[in-house]
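protein14.txt follows (compact mmCIF, C-alpha atoms):
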```
# COMPACT_ATOMS: atom_id res chain seq x y z
CA MET B 15 -2.57 -28.99 -20.89
CA LEU B 16 -2.91 -28.34 -17.17
CA GLU B 17 -2.94 -31.38 -14.92
CA ILE B 18 -3.68 -31.33 -11.23
CA LYS B 19 -3.07 -34.49 -9.25
CA ASN B 20 -4.34 -35.41 -5.78
CA LEU B 21 -5.01 -31.88 -4.55
CA THR B 22 -6.01 -31.60 -0.89
CA LYS B 23 -6.63 -28.44 1.07
CA GLN B 24 -7.72 -28.07 4.68
CA PHE B 25 -8.55 -25.04 6.79
CA ASP B 26 -8.30 -25.55 10.56
CA GLY B 27 -8.76 -29.29 10.20
CA ARG B 28 -11.78 -28.93 7.91
CA THR B 29 -11.20 -30.53 4.53
CA ILE B 30 -12.28 -28.23 1.72
CA ILE B 31 -10.78 -30.11 -1.21
CA ASN B 32 -10.14 -33.84 -0.90
CA ASP B 33 -7.78 -35.65 -3.24
CA LEU B 34 -8.99 -33.89 -6.35
CA SER B 35 -7.45 -34.63 -9.74
CA MET B 36 -8.41 -32.81 -12.92
CA THR B 37 -7.12 -31.76 -16.31
CA VAL B 38 -7.77 -28.70 -18.42
CA ALA B 39 -7.02 -29.07 -22.13
CA ASP B 40 -5.31 -26.42 -24.26
CA ASP B 41 -7.63 -23.57 -25.35
CA GLU B 42 -10.34 -25.00 -23.15
CA ILE B 43 -12.73 -22.86 -21.16
CA LEU B 44 -13.50 -24.69 -17.93
CA ALA B 45 -16.26 -23.40 -15.68
CA ILE B 46 -16.18 -24.44 -12.06
CA VAL B 47 -19.68 -24.17 -10.58
CA GLY B 48 -21.28 -25.10 -7.31
CA PRO B 49 -23.03 -23.65 -4.28
CA SER B 50 -21.24 -21.14 -2.07
CA GLY B 51 -19.03 -22.79 0.48
CA ALA B 52 -18.35 -25.72 -1.82
CA GLY B 53 -14.73 -24.67 -2.17
CA LYS B 54 -14.67 -23.42 -5.74
CA THR B 55 -12.85 -20.21 -4.82
CA THR B 56 -10.43 -22.20 -2.64
CA LEU B 57 -9.76 -24.48 -5.59
CA LEU B 58 -9.09 -21.48 -7.81
CA ARG B 59 -6.84 -19.91 -5.18
CA CYS B 60 -4.81 -23.13 -5.05
CA ILE B 61 -4.47 -23.09 -8.84
CA THR B 62 -3.44 -19.42 -8.88
CA GLY B 63 -1.02 -20.03 -6.02
CA LEU B 64 -2.64 -17.63 -3.56
CA GLU B 65 -3.25 -20.60 -1.23
CA LYS B 66 -0.72 -23.31 -0.59
CA PRO B 67 -2.39 -26.72 -0.91
CA ASP B 68 -1.63 -29.30 1.77
CA SER B 69 -0.76 -31.77 -0.94
CA GLY B 70 -1.05 -32.11 -4.69
CA ARG B 71 0.99 -31.65 -7.81
CA PHE B 72 0.59 -29.32 -10.76
CA TYR B 73 1.84 -29.98 -14.28
CA TRP B 74 1.85 -27.72 -17.31
CA ASN B 75 2.44 -29.76 -20.49
CA GLY B 76 3.98 -32.48 -18.39
CA GLN B 77 6.34 -30.11 -16.60
CA GLU B 78 5.74 -29.88 -12.85
CA PHE B 79 5.39 -26.39 -11.35
CA THR B 80 4.43 -24.84 -8.02
CA PRO B 81 1.82 -22.10 -8.43
CA SER B 82 2.50 -20.56 -5.00
CA ASP B 83 6.20 -20.17 -5.73
CA LYS B 84 6.01 -16.95 -7.71
CA LYS B 85 9.76 -16.77 -8.20
CA LYS B 86 9.70 -19.96 -10.25
CA SER B 87 6.19 -20.26 -11.62
CA GLN B 88 7.23 -18.42 -14.83
CA SER B 89 3.92 -16.64 -15.33
CA ILE B 90 2.03 -19.79 -16.21
CA ILE B 91 -1.09 -18.55 -14.43
CA GLY B 92 -2.77 -15.17 -14.57
CA ALA B 93 -5.76 -14.08 -12.51
CA VAL B 94 -8.67 -11.67 -12.82
CA PHE B 95 -10.07 -10.90 -9.38
CA GLN B 96 -13.74 -10.60 -8.49
CA ASP B 97 -13.20 -6.99 -7.41
CA TYR B 98 -10.52 -6.45 -10.11
CA GLN B 99 -7.92 -5.06 -7.66
CA LEU B 100 -6.49 -2.56 -10.11
CA PHE B 101 -3.86 -0.38 -8.48
CA PRO B 102 -5.72 2.90 -7.82
CA ASN B 103 -2.55 4.99 -7.67
CA LEU B 104 -1.49 4.06 -11.20
CA THR B 105 -2.95 4.95 -14.59
CA VAL B 106 -4.54 2.23 -16.69
CA LEU B 107 -1.40 2.01 -18.83
CA ARG B 108 0.92 1.84 -15.80
CA ASN B 109 -1.28 -0.84 -14.21
CA ILE B 110 -0.61 -2.94 -17.28
CA THR B 111 3.06 -2.14 -17.95
CA LEU B 112 4.38 -2.16 -14.36
CA ALA B 113 4.86 -5.91 -13.93
CA PRO B 114 6.23 -6.72 -17.43
CA GLN B 115 8.80 -3.95 -16.95
CA LEU B 116 9.79 -4.78 -13.37
CA VAL B 117 9.51 -8.56 -13.50
CA LYS B 118 10.26 -9.42 -17.11
CA LYS B 119 12.63 -6.48 -17.57
CA MET B 120 10.97 -5.60 -20.86
CA GLU B 121 11.61 -2.29 -22.60
CA SER B 122 9.11 0.46 -21.84
CA ALA B 123 8.38 1.16 -25.52
CA GLU B 124 7.76 -2.48 -26.29
CA VAL B 125 5.49 -3.04 -23.28
CA THR B 126 3.55 0.14 -23.96
CA GLU B 127 2.95 -0.81 -27.58
CA GLU B 128 1.77 -4.25 -26.53
CA ALA B 129 -0.48 -2.77 -23.81
CA LEU B 130 -2.09 -0.28 -26.18
CA LYS B 131 -2.74 -3.06 -28.67
CA LEU B 132 -4.43 -5.19 -26.01
CA LEU B 133 -6.47 -2.24 -24.75
CA LYS B 134 -7.67 -1.60 -28.27
CA ARG B 135 -8.59 -5.22 -28.75
CA LEU B 136 -10.77 -5.10 -25.64
CA GLY B 137 -12.46 -1.85 -26.65
CA LEU B 138 -10.55 0.40 -24.26
CA GLU B 139 -8.97 2.74 -26.77
CA ASN B 140 -7.97 6.13 -25.32
CA LYS B 141 -8.48 4.97 -21.75
CA ASP B 142 -4.77 4.40 -21.13
CA GLN B 143 -4.14 7.66 -19.27
CA LEU B 144 -7.19 7.41 -16.99
CA TYR B 145 -7.05 6.28 -13.37
CA PRO B 146 -9.11 3.24 -12.30
CA TYR B 147 -11.67 5.38 -10.41
CA GLN B 148 -12.61 7.01 -13.72
CA LEU B 149 -13.68 3.69 -15.26
CA SER B 150 -16.97 1.78 -15.05
CA GLY B 151 -17.06 -1.69 -13.52
CA GLY B 152 -16.98 -3.43 -16.89
CA GLN B 153 -14.08 -1.31 -18.06
CA LYS B 154 -12.14 -2.02 -14.86
CA GLN B 155 -12.64 -5.72 -15.42
CA ARG B 156 -11.33 -5.52 -18.96
CA VAL B 157 -8.30 -3.55 -17.76
CA ALA B 158 -7.74 -6.30 -15.17
CA ILE B 159 -7.86 -8.85 -18.01
CA VAL B 160 -5.38 -6.84 -20.08
CA ARG B 161 -3.11 -6.47 -17.04
CA ALA B 162 -3.07 -10.25 -16.58
CA LEU B 163 -2.58 -10.86 -20.34
CA ALA B 164 0.42 -8.53 -20.46
CA MET B 165 2.38 -11.09 -18.43
CA ASN B 166 1.72 -13.66 -21.16
CA PRO B 167 0.18 -16.35 -18.96
CA LYS B 168 -0.67 -19.78 -20.35
CA ILE B 169 -3.83 -20.03 -18.26
CA LEU B 170 -6.12 -17.21 -17.20
CA CYS B 171 -8.30 -17.67 -14.11
CA TYR B 172 -11.42 -15.64 -13.28
CA ASP B 173 -13.10 -15.49 -9.89
CA GLU B 174 -16.84 -14.73 -10.25
CA PRO B 175 -16.38 -12.51 -13.32
CA THR B 176 -20.09 -11.69 -13.63
CA SER B 177 -20.99 -11.05 -10.01
CA ALA B 178 -20.69 -7.27 -10.20
CA LEU B 179 -21.98 -6.81 -13.75
CA ASP B 180 -25.43 -6.15 -15.18
CA PRO B 181 -26.80 -8.60 -17.81
CA ALA B 182 -25.57 -6.66 -20.86
CA LEU B 183 -22.03 -6.51 -19.47
CA ARG B 184 -22.24 -10.18 -18.57
CA GLN B 185 -22.57 -10.99 -22.26
CA GLU B 186 -19.70 -8.69 -23.02
CA VAL B 187 -17.27 -10.42 -20.69
CA GLY B 188 -18.50 -13.76 -22.05
CA GLN B 189 -17.55 -12.47 -25.50
CA VAL B 190 -14.11 -11.44 -24.27
CA ILE B 191 -13.54 -14.89 -22.81
CA THR B 192 -14.61 -16.71 -25.98
CA ASP B 193 -12.51 -14.31 -28.09
CA LEU B 194 -9.46 -15.09 -25.96
CA LYS B 195 -10.05 -18.78 -26.61
CA GLN B 196 -9.45 -18.06 -30.30
CA THR B 197 -5.99 -16.76 -29.44
CA GLY B 198 -5.12 -20.04 -27.73
CA MET B 199 -5.70 -19.05 -24.12
CA THR B 200 -6.68 -21.74 -21.63
CA GLN B 201 -9.20 -20.32 -19.19
CA ILE B 202 -10.75 -21.34 -15.87
CA VAL B 203 -13.85 -19.51 -14.68
CA VAL B 204 -15.30 -19.86 -11.20
CA THR B 205 -18.93 -18.80 -11.17
CA HIS B 206 -22.25 -19.51 -9.52
CA ASP B 207 -24.01 -18.13 -12.62
CA MET B 208 -25.15 -21.32 -14.39
CA ASP B 209 -26.48 -19.53 -17.50
CA PHE B 210 -23.16 -17.82 -17.94
CA ALA B 211 -21.24 -21.05 -17.44
CA GLU B 212 -23.39 -22.88 -19.99
CA ASN B 213 -23.02 -20.11 -22.57
CA VAL B 214 -19.30 -19.68 -22.25
CA ALA B 215 -17.69 -22.90 -21.09
CA ASP B 216 -16.53 -25.92 -23.10
CA LYS B 217 -16.65 -28.03 -19.97
CA ILE B 218 -18.43 -27.57 -16.66
CA MET B 219 -17.09 -28.97 -13.44
CA ARG B 220 -19.43 -29.17 -10.45
CA VAL B 221 -18.08 -29.07 -6.95
CA GLU B 222 -20.13 -30.01 -3.92
CA ALA B 223 -19.40 -29.14 -0.33
CA LEU B 224 -17.71 -31.94 1.59
CA SER B 225 -19.53 -32.75 4.77
CA MET F 5 8.02 50.31 15.60
CA ASP F 6 11.64 50.99 16.48
CA TYR F 7 11.23 48.69 19.44
CA ILE F 8 9.93 45.90 17.21
CA ILE F 9 12.90 46.31 14.87
CA SER F 10 15.26 46.29 17.84
CA ILE F 11 14.03 42.91 19.16
CA LEU F 12 13.43 41.32 15.77
CA PRO F 13 16.99 39.95 15.35
CA ALA F 14 16.70 38.07 18.68
CA LEU F 15 13.29 36.68 17.71
CA LEU F 16 14.52 35.64 14.26
CA ALA F 17 17.50 33.89 15.81
CA GLY F 18 15.01 32.05 18.02
CA THR F 19 12.90 31.23 14.94
CA LYS F 20 15.99 29.76 13.33
CA MET F 21 16.44 27.41 16.28
CA THR F 22 12.75 26.48 16.18
CA LEU F 23 12.91 25.72 12.45
CA SER F 24 16.15 23.81 12.83
CA ILE F 25 14.58 21.48 15.39
CA PHE F 26 11.39 21.27 13.33
CA PHE F 27 13.02 20.28 10.03
CA THR F 28 15.58 17.91 11.53
CA THR F 29 12.87 16.11 13.47
CA ILE F 30 10.59 15.85 10.41
CA ILE F 31 13.34 14.57 8.14
CA ILE F 32 14.35 11.82 10.57
CA ALA F 33 11.04 10.98 12.27
CA ILE F 34 8.81 10.49 9.19
CA PRO F 35 10.96 7.84 7.44
CA LEU F 36 11.68 6.27 10.84
CA GLY F 37 7.94 6.24 11.53
CA ALA F 38 7.30 4.48 8.21
CA VAL F 39 9.81 1.76 9.12
CA ILE F 40 8.29 1.45 12.61
CA GLY F 41 4.86 1.16 11.00
CA LEU F 42 6.10 -1.71 8.81
CA GLY F 43 7.58 -3.38 11.90
CA LEU F 44 4.29 -3.00 13.79
CA ILE F 45 2.39 -4.98 11.14
CA GLY F 46 5.31 -7.33 10.41
CA LYS F 47 5.58 -10.99 11.25
CA ILE F 48 8.64 -10.73 13.51
CA LYS F 49 7.00 -11.07 16.94
CA PRO F 50 9.83 -9.89 19.23
CA LEU F 51 10.31 -6.80 17.07
CA LYS F 52 6.58 -6.13 17.19
CA TRP F 53 6.51 -6.45 21.00
CA PHE F 54 9.47 -4.13 21.34
CA LEU F 55 7.88 -1.55 19.04
CA ASP F 56 4.51 -1.82 20.83
CA PHE F 57 6.28 -1.11 24.11
CA TYR F 58 8.22 1.77 22.60
CA VAL F 59 5.10 3.38 21.14
CA TRP F 60 3.24 2.91 24.44
CA LEU F 61 6.12 4.51 26.36
CA MET F 62 6.49 7.48 24.02
CA ARG F 63 2.80 8.20 23.69
CA GLY F 64 2.02 7.41 27.31
CA THR F 65 4.38 9.92 28.90
CA PRO F 66 4.60 13.69 28.39
CA LEU F 67 7.10 14.94 25.83
CA LEU F 68 8.20 17.45 28.45
CA LEU F 69 9.13 14.60 30.81
CA GLN F 70 11.07 12.90 28.01
CA LEU F 71 13.02 16.10 27.32
CA ILE F 72 13.85 16.61 31.00
CA PHE F 73 14.69 12.92 31.42
CA ILE F 74 17.16 12.92 28.55
CA PHE F 75 18.85 16.23 29.35
CA TYR F 76 18.74 16.40 33.16
CA GLY F 77 18.09 12.78 34.11
CA LEU F 78 20.47 10.72 31.99
CA PRO F 79 23.62 12.67 33.11
CA LEU F 80 22.95 11.28 36.62
CA ILE F 81 23.84 7.85 35.25
CA GLY F 82 26.70 9.19 33.21
CA ILE F 83 25.00 9.72 29.83
CA VAL F 84 25.44 13.31 28.80
CA PHE F 85 24.08 14.92 25.64
CA PRO F 86 24.55 18.54 24.55
CA ARG F 87 21.34 20.56 24.76
CA TYR F 88 20.55 20.53 21.06
CA ASP F 89 21.22 16.80 20.66
CA ALA F 90 19.12 16.00 23.73
CA ALA F 91 16.23 17.99 22.29
CA LEU F 92 16.53 16.24 18.91
CA ILE F 93 16.68 12.76 20.45
CA ALA F 94 13.55 13.44 22.51
CA PHE F 95 11.62 14.92 19.57
CA VAL F 96 12.64 12.25 17.08
CA LEU F 97 11.87 9.38 19.49
CA ASN F 98 8.54 10.91 20.46
CA TYR F 99 7.36 11.88 16.99
CA ALA F 100 8.58 8.67 15.34
CA ALA F 101 6.28 6.79 17.73
CA TYR F 102 3.28 8.87 16.64
CA PHE F 103 4.22 8.58 12.96
CA GLY F 104 4.74 4.83 13.45
CA GLU F 105 1.17 4.44 14.69
CA ILE F 106 -0.14 6.56 11.81
CA PHE F 107 1.78 4.49 9.25
CA ARG F 108 0.65 1.23 10.87
CA GLY F 109 -2.94 2.31 10.29
CA GLY F 110 -2.04 3.36 6.76
CA PHE F 111 -0.40 0.05 5.87
CA GLN F 112 -3.33 -1.87 7.34
CA SER F 113 -5.85 0.03 5.26
CA VAL F 114 -4.32 -1.17 1.98
CA PRO F 115 -6.65 -4.06 1.02
CA ARG F 116 -5.19 -7.56 1.06
CA GLY F 117 -6.35 -7.95 -2.52
CA GLN F 118 -3.79 -5.36 -3.60
CA PHE F 119 -1.00 -7.56 -2.23
CA GLU F 120 -2.56 -10.59 -3.94
CA ALA F 121 -2.85 -8.76 -7.26
CA ALA F 122 0.81 -7.78 -6.96
CA LYS F 123 1.70 -11.38 -6.11
CA MET F 124 -0.15 -12.70 -9.17
CA LEU F 125 1.90 -10.27 -11.28
CA GLU F 126 5.00 -11.73 -9.62
CA LEU F 127 6.16 -8.45 -8.10
CA ASN F 128 8.47 -9.11 -5.16
CA TYR F 129 7.94 -7.72 -1.63
CA TRP F 130 9.95 -4.54 -2.10
CA GLN F 131 8.51 -3.82 -5.55
CA THR F 132 5.03 -4.19 -4.06
CA ILE F 133 5.87 -1.88 -1.14
CA ARG F 134 7.57 0.68 -3.37
CA TYR F 135 5.13 0.91 -6.30
CA ILE F 136 1.78 -0.15 -4.83
CA VAL F 137 1.75 0.22 -1.05
CA ILE F 138 3.81 3.33 -0.28
CA PRO F 139 1.92 5.60 -2.74
CA GLN F 140 -1.43 4.47 -1.32
CA VAL F 141 -0.27 4.76 2.28
CA PHE F 142 1.19 8.20 1.59
CA LYS F 143 -2.19 9.45 0.51
CA ILE F 144 -4.03 7.81 3.41
CA VAL F 145 -1.71 9.16 6.12
CA LEU F 146 -1.28 12.65 4.68
CA PRO F 147 -3.96 14.40 6.80
CA SER F 148 -2.82 12.76 10.07
CA VAL F 149 0.85 13.40 9.35
CA GLY F 150 -0.07 16.99 8.53
CA ASN F 151 -1.68 17.35 11.95
CA GLU F 152 1.43 16.10 13.70
CA VAL F 153 3.64 18.37 11.62
CA ILE F 154 1.66 21.42 12.74
CA ASN F 155 1.78 20.15 16.33
CA LEU F 156 5.53 19.79 16.08
CA ILE F 157 6.02 23.48 15.24
CA LYS F 158 4.27 24.37 18.47
CA ASP F 159 5.74 21.49 20.53
CA SER F 160 9.23 22.64 19.59
CA SER F 161 8.71 25.47 22.10
CA LEU F 162 9.14 22.84 24.84
CA VAL F 163 12.92 22.92 24.29
CA TYR F 164 12.70 26.11 26.32
CA VAL F 165 12.80 23.93 29.45
CA ILE F 166 16.31 22.66 28.73
CA GLY F 167 17.58 26.15 28.00
CA LEU F 168 17.73 26.15 24.22
CA GLY F 169 17.31 29.59 22.67
CA ASP F 170 14.21 29.03 20.56
CA LEU F 171 11.55 31.50 19.47
CA LEU F 172 9.48 31.33 22.67
CA ARG F 173 12.53 31.80 24.88
CA ALA F 174 13.65 34.84 22.87
CA GLY F 175 10.21 36.43 23.27
CA ASN F 176 10.02 35.60 26.95
CA ILE F 177 13.42 37.14 27.66
CA ALA F 178 12.51 40.36 25.85
CA THR F 179 9.17 40.58 27.69
CA ALA F 180 10.79 40.09 31.10
CA ARG F 181 13.52 42.62 30.34
CA ASP F 182 11.44 45.37 28.77
CA VAL F 183 8.15 44.80 30.64
CA THR F 184 5.98 44.84 27.53
CA LEU F 185 3.56 42.47 25.81
CA VAL F 186 4.87 43.25 22.34
CA PRO F 187 7.49 40.45 22.12
CA LEU F 188 4.98 37.77 23.13
CA ILE F 189 2.49 39.05 20.56
CA LEU F 190 5.23 38.95 17.91
CA VAL F 191 6.10 35.42 18.96
CA GLY F 192 2.44 34.46 18.51
CA ILE F 193 2.37 36.06 15.06
CA ILE F 194 5.54 34.24 13.98
CA TYR F 195 4.11 30.88 15.11
CA LEU F 196 0.91 31.67 13.21
CA LEU F 197 2.91 32.46 10.07
CA LEU F 198 4.90 29.24 10.38
CA THR F 199 1.79 27.10 10.83
CA ALA F 200 0.03 28.94 7.99
CA VAL F 201 2.91 28.22 5.59
CA CYS F 202 2.85 24.59 6.71
CA THR F 203 -0.90 24.32 6.20
CA LEU F 204 -0.62 25.76 2.70
CA ALA F 205 2.22 23.43 1.80
CA LEU F 206 0.24 20.43 3.07
CA ARG F 207 -2.78 21.48 1.09
CA MET F 208 -0.71 21.66 -2.08
CA ILE F 209 0.67 18.19 -1.46
CA GLU F 210 -2.84 16.85 -0.78
CA LYS F 211 -4.09 18.37 -4.01
CA ARG F 212 -1.36 16.64 -5.97
CA ALA F 213 -2.16 13.35 -4.28
CA ASN F 214 -5.78 13.75 -5.34
CA VAL F 215 -5.23 13.01 -9.04
CA TRP F 216 -6.24 9.45 -8.18
CA ARG F 217 -8.79 8.05 -5.75
```
Take the structure in this file and express it as C-alpha cells.
Amino acid sequence: MLEIKNLTKQFDGRTIINDLSMTVADDEILAIVGPSGAGKTTLLRCITGLEKPDSGRFYWNGQEFTPSDKKKSQSIIGAVFQDYQLFPNLTVLRNITLAPQLVKKMESAEVTEEALKLLKRLGLENKDQLYPYQLSGGQKQRVAIVRALAMNPKILCYDEPTSALDPALRQEVGQVITDLKQTGMTQIVVTHDMDFAENVADKIMRVEALS
Amino acid sequence: MDYIISILPALLAGTKMTLSIFFTTIIIAIPLGAVIGLGLIGKIKPLKWFLDFYVWLMRGTPLLLQLIFIFYGLPLIGIVFPRYDAALIAFVLNYAAYFGEIFRGGFQSVPRGQFEAAKMLELNYWQTIRYIVIPQVFKIVLPSVGNEVINLIKDSSLVYVIGLGDLLRAGNIATARDVTLVPLILVGIIYLLLTAVCTLALRMIEKRANVWR
C-alpha cells in the first residue's frame, strides 16, 4: 500500500497541492482526473520523484521512502511518460535492458530473457532489434511500459497514457493496464479522459485547481 | 613532369607538417570542446562565466592574431614557446572554443524528458551522459563538427606566419625560387585531396550514425 501524507507543493509562491493525503491499495488502479491546470501532473511528478515536494511523506507498506532520492528509492516507482521518452539511439531491447544491467548489475542473459518475455506478453514479439523511430505510437508506449516493468517497480505511474492514441489503441492500453493488475501491479493513471478512467480504474480521484 | 617530381618531396614534407597540426588539434580540441560544452550548460556559475568569456575571446578575435600573439607577443613578457607548440596552443584554444559552442547547442537539444526518463530508471549522471546523451549529441553535432574539421585543414596554412614549414610555405618557396605557378597549383590540388578524403570520411561516419533517428 502506498500512503502519502500532507503533501504540499508550490511553484513561485503559488500553491498547486495543499496538504494532500491519500492512499493507494495494493493492485489498485487509481485514476487521477481533473481539468488542466488542476495539478494532476504535478501530483504525479511528486509521486514519481521528478519534483521535490515542499513537504509531505511517502510510505510504501509502512516504510518511509523519498521518491526524489533515486539512489535510495529502490525502484519502488516506475513511470510511463506521455511522450514515452524512449532512448532513440538504442534498440528496443537495449532500451529495456540498459537500466537493469547498469543499475541492478543484472546479467545480460538474464535481463534479455526477461525483456523478451515481457515484450512477448505485450504483443511486441520480434520488435526487439528495431529502433524507436520504426515503431508506431502504441508500440512505443508498450515498449515504455516494458522498460519501466524491467526495473521491477511496485507502482507504475502513467501520465496521460491515451492522449496520443486513437480510440482503438486507447482500449488496447486499457487492456494492458488491467492485465498488469492481475500480476499484482499497483498503478496510478493521470488522465483527462473520463471514459478511459471509468473503464479502467478501480478508484477515481478528482483534483480541482486551488484558487 | 620532372619538375613536379623534383619539388614533390618538399611539398610532401610540408603536407606532413599540415597533417601533424591538423590531427593533433582535432584529437585534443574535440574532447576539450565536449567538456567546455558541458561546462557552458552546467550549474557552476563562475565556470560558466569564465567559459563564456573564453569563447567570446577566441571567436571574437582572428586566429591569425592569436597565433602572432602567442609566438611573437608572449616572449615580450618572458613566455616563450617553440614554433610548433605555439601553433598547437593557438589552434587548440581557438578550435576548442568553436567545438565548445557546437557541443553546447548539441547538449541543449537533447530533450529534458530524456534526462527524466533516465532518472526514473535510476541511471546516475555519468551513466546518463555516457549512454543516452553523448550518442545523441554526437549525431546532432556531426555536420557542424565536420564543417570545422574541413576549415581546420585550410586554417592550418596560417602557421605560415610564424615560420613553420607547412604545405603552403613549401609551395610558396618553390614558386618564388623557380618563378612558376606549378607549385601553387600542386598545393591547391593537395588541399583539395585532403578535404575530399575528410568529406568522404565524415560522410561514412554520418551514414553509420543514421541507423537510428
TODO: Select, counting all atoms listed in the file, all protein, DNA and RNA residues no farther than 10 Å from (-1.2, 14.3, -1.7) in file coordinates, and express the selection as a list in words.
DONE: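 Protein, DNA and RNA residues close to (-1.2, 14.3, -1.7): Pro139, Gln140, Phe142, Lys143, Ile144, Val145, Leu146, Pro147, Leu206, Arg207, Met208, Ile209, Glu210, Lys211, Arg212, Ala213, Asn214, Val215 and Trp216 of chain F.
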Open item on the list: So, with only C-alpha atoms as the atoms that count, which of F:Thr203, F:Ser160, F:Gln118, F:Thr132 lies closest to chain B?
Closed with: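 The answer is F:Gln118, which sits nearest to chain B.
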Against chain F, which residues of chain B fall within 10 Å? For each one I want the closest pair of atoms and the distance in Å (one decimal), counting all atoms listed in the file, rows by chain and increasing residue number, as a tab-separated table.
```
residue	atom	partner	partner_atom	distance
B:Thr62	CA	F:Met124	CA	7.5
B:Gly63	CA	F:Met124	CA	8.0
B:Leu64	CA	F:Glu120	CA	7.1
B:Pro81	CA	F:Met124	CA	9.6
B:Ser82	CA	F:Lys123	CA	9.3
B:Asp83	CA	F:Glu126	CA	9.4
B:Lys84	CA	F:Glu126	CA	5.6
B:Lys85	CA	F:Glu126	CA	7.1
B:Lys86	CA	F:Glu126	CA	9.5
B:Ser87	CA	F:Glu126	CA	8.8
B:Gln88	CA	F:Glu126	CA	8.8
B:Ser89	CA	F:Glu126	CA	7.6
B:Ile91	CA	F:Met124	CA	7.9
B:Gly92	CA	F:Met124	CA	6.5
B:Ala93	CA	F:Met124	CA	6.7
B:Val94	CA	F:Ala121	CA	8.6
B:Phe95	CA	F:Ala121	CA	7.8
B:Gln96	CA	F:Gly117	CA	9.9
B:Asp97	CA	F:Gly117	CA	8.5
B:Tyr98	CA	F:Ala121	CA	8.5
B:Gln99	CA	F:Gln118	CA	5.8
B:Leu100	CA	F:Gln118	CA	7.6
B:Phe101	CA	F:Ile136	CA	6.7
B:Pro102	CA	F:Arg217	CA	6.3
B:Asn103	CA	F:Trp216	CA	5.8
B:Leu104	CA	F:Trp216	CA	7.8
B:Thr105	CA	F:Trp216	CA	8.5
B:Asn109	CA	F:Ile136	CA	9.9
B:Ile110	CA	F:Leu125	CA	9.8
B:Leu112	CA	F:Tyr135	CA	8.7
B:Ala113	CA	F:Leu125	CA	5.9
B:Pro114	CA	F:Leu125	CA	8.3
B:Leu116	CA	F:Leu127	CA	7.4
B:Val117	CA	F:Leu127	CA	6.4
B:Lys118	CA	F:Glu126	CA	9.4
B:Leu144	CA	F:Trp216	CA	9.1
B:Tyr145	CA	F:Trp216	CA	6.1
B:Pro146	CA	F:Trp216	CA	8.0
B:Tyr147	CA	F:Arg217	CA	6.1
B:Gln148	CA	F:Trp216	CA	8.8
B:Ala158	CA	F:Ala121	CA	9.6
B:Arg161	CA	F:Leu125	CA	8.5
B:Ala162	CA	F:Leu125	CA	7.3
B:Ala164	CA	F:Leu125	CA	9.5
B:Met165	CA	F:Leu125	CA	7.2
B:Pro167	CA	F:Leu125	CA	9.9
```
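For the pair CA of Tyr172 in chain B and CA of Glu65 in chain B, the separation is 15.4 Å.
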- [ ] May I ask for the distance between CA of Tyr73 in chain B and CA of Asn166 in chain B, given in Å to one decimal place?
- [x]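 Straight-line distance from CA of Tyr73 in chain B to CA of Asn166 in chain B works out to 17.7 Å.
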Open item on the list: As an exercise, work out the distance from CA of Leu171 in chain F to CA of Tyr102 in chain F in Å and give it to one decimal place.
Closed with: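 Taking CA of Leu171 in chain F as the start and CA of Tyr102 in chain F as the end point, the length is 24.3 Å.
Each of B:Ala182, B:Ala211, B:Ala223, B:Ala129 was checked against Ile46 in chain B using all atoms listed in the file; the smallest atom-to-atom distance is that of B:Ala211.
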Task: Phe111 in chain F surroundings by only C-alpha atoms, 8 Å radius, close-in-sequence under 3 positions cut, as number ranges by chain - done: F: 41-42, 45, 107-108, 114, 137, 141
Any chance you could export the current selection's C-alpha atoms as a PDB file, keeping the file's coordinate frame?
```pdb
ATOM      1  CA  GLY F  41       4.860   1.160  11.000  1.00  0.00           C
ATOM      2  CA  LEU F  42       6.100  -1.710   8.810  1.00  0.00           C
ATOM      3  CA  ILE F  45       2.390  -4.980  11.140  1.00  0.00           C
ATOM      4  CA  PHE F 107       1.780   4.490   9.250  1.00  0.00           C
ATOM      5  CA  ARG F 108       0.650   1.230  10.870  1.00  0.00           C
ATOM      6  CA  VAL F 114      -4.320  -1.170   1.980  1.00  0.00           C
ATOM      7  CA  VAL F 137       1.750   0.220  -1.050  1.00  0.00           C
ATOM      8  CA  VAL F 141      -0.270   4.760   2.280  1.00  0.00           C
TER       9      VAL F 141
END
```
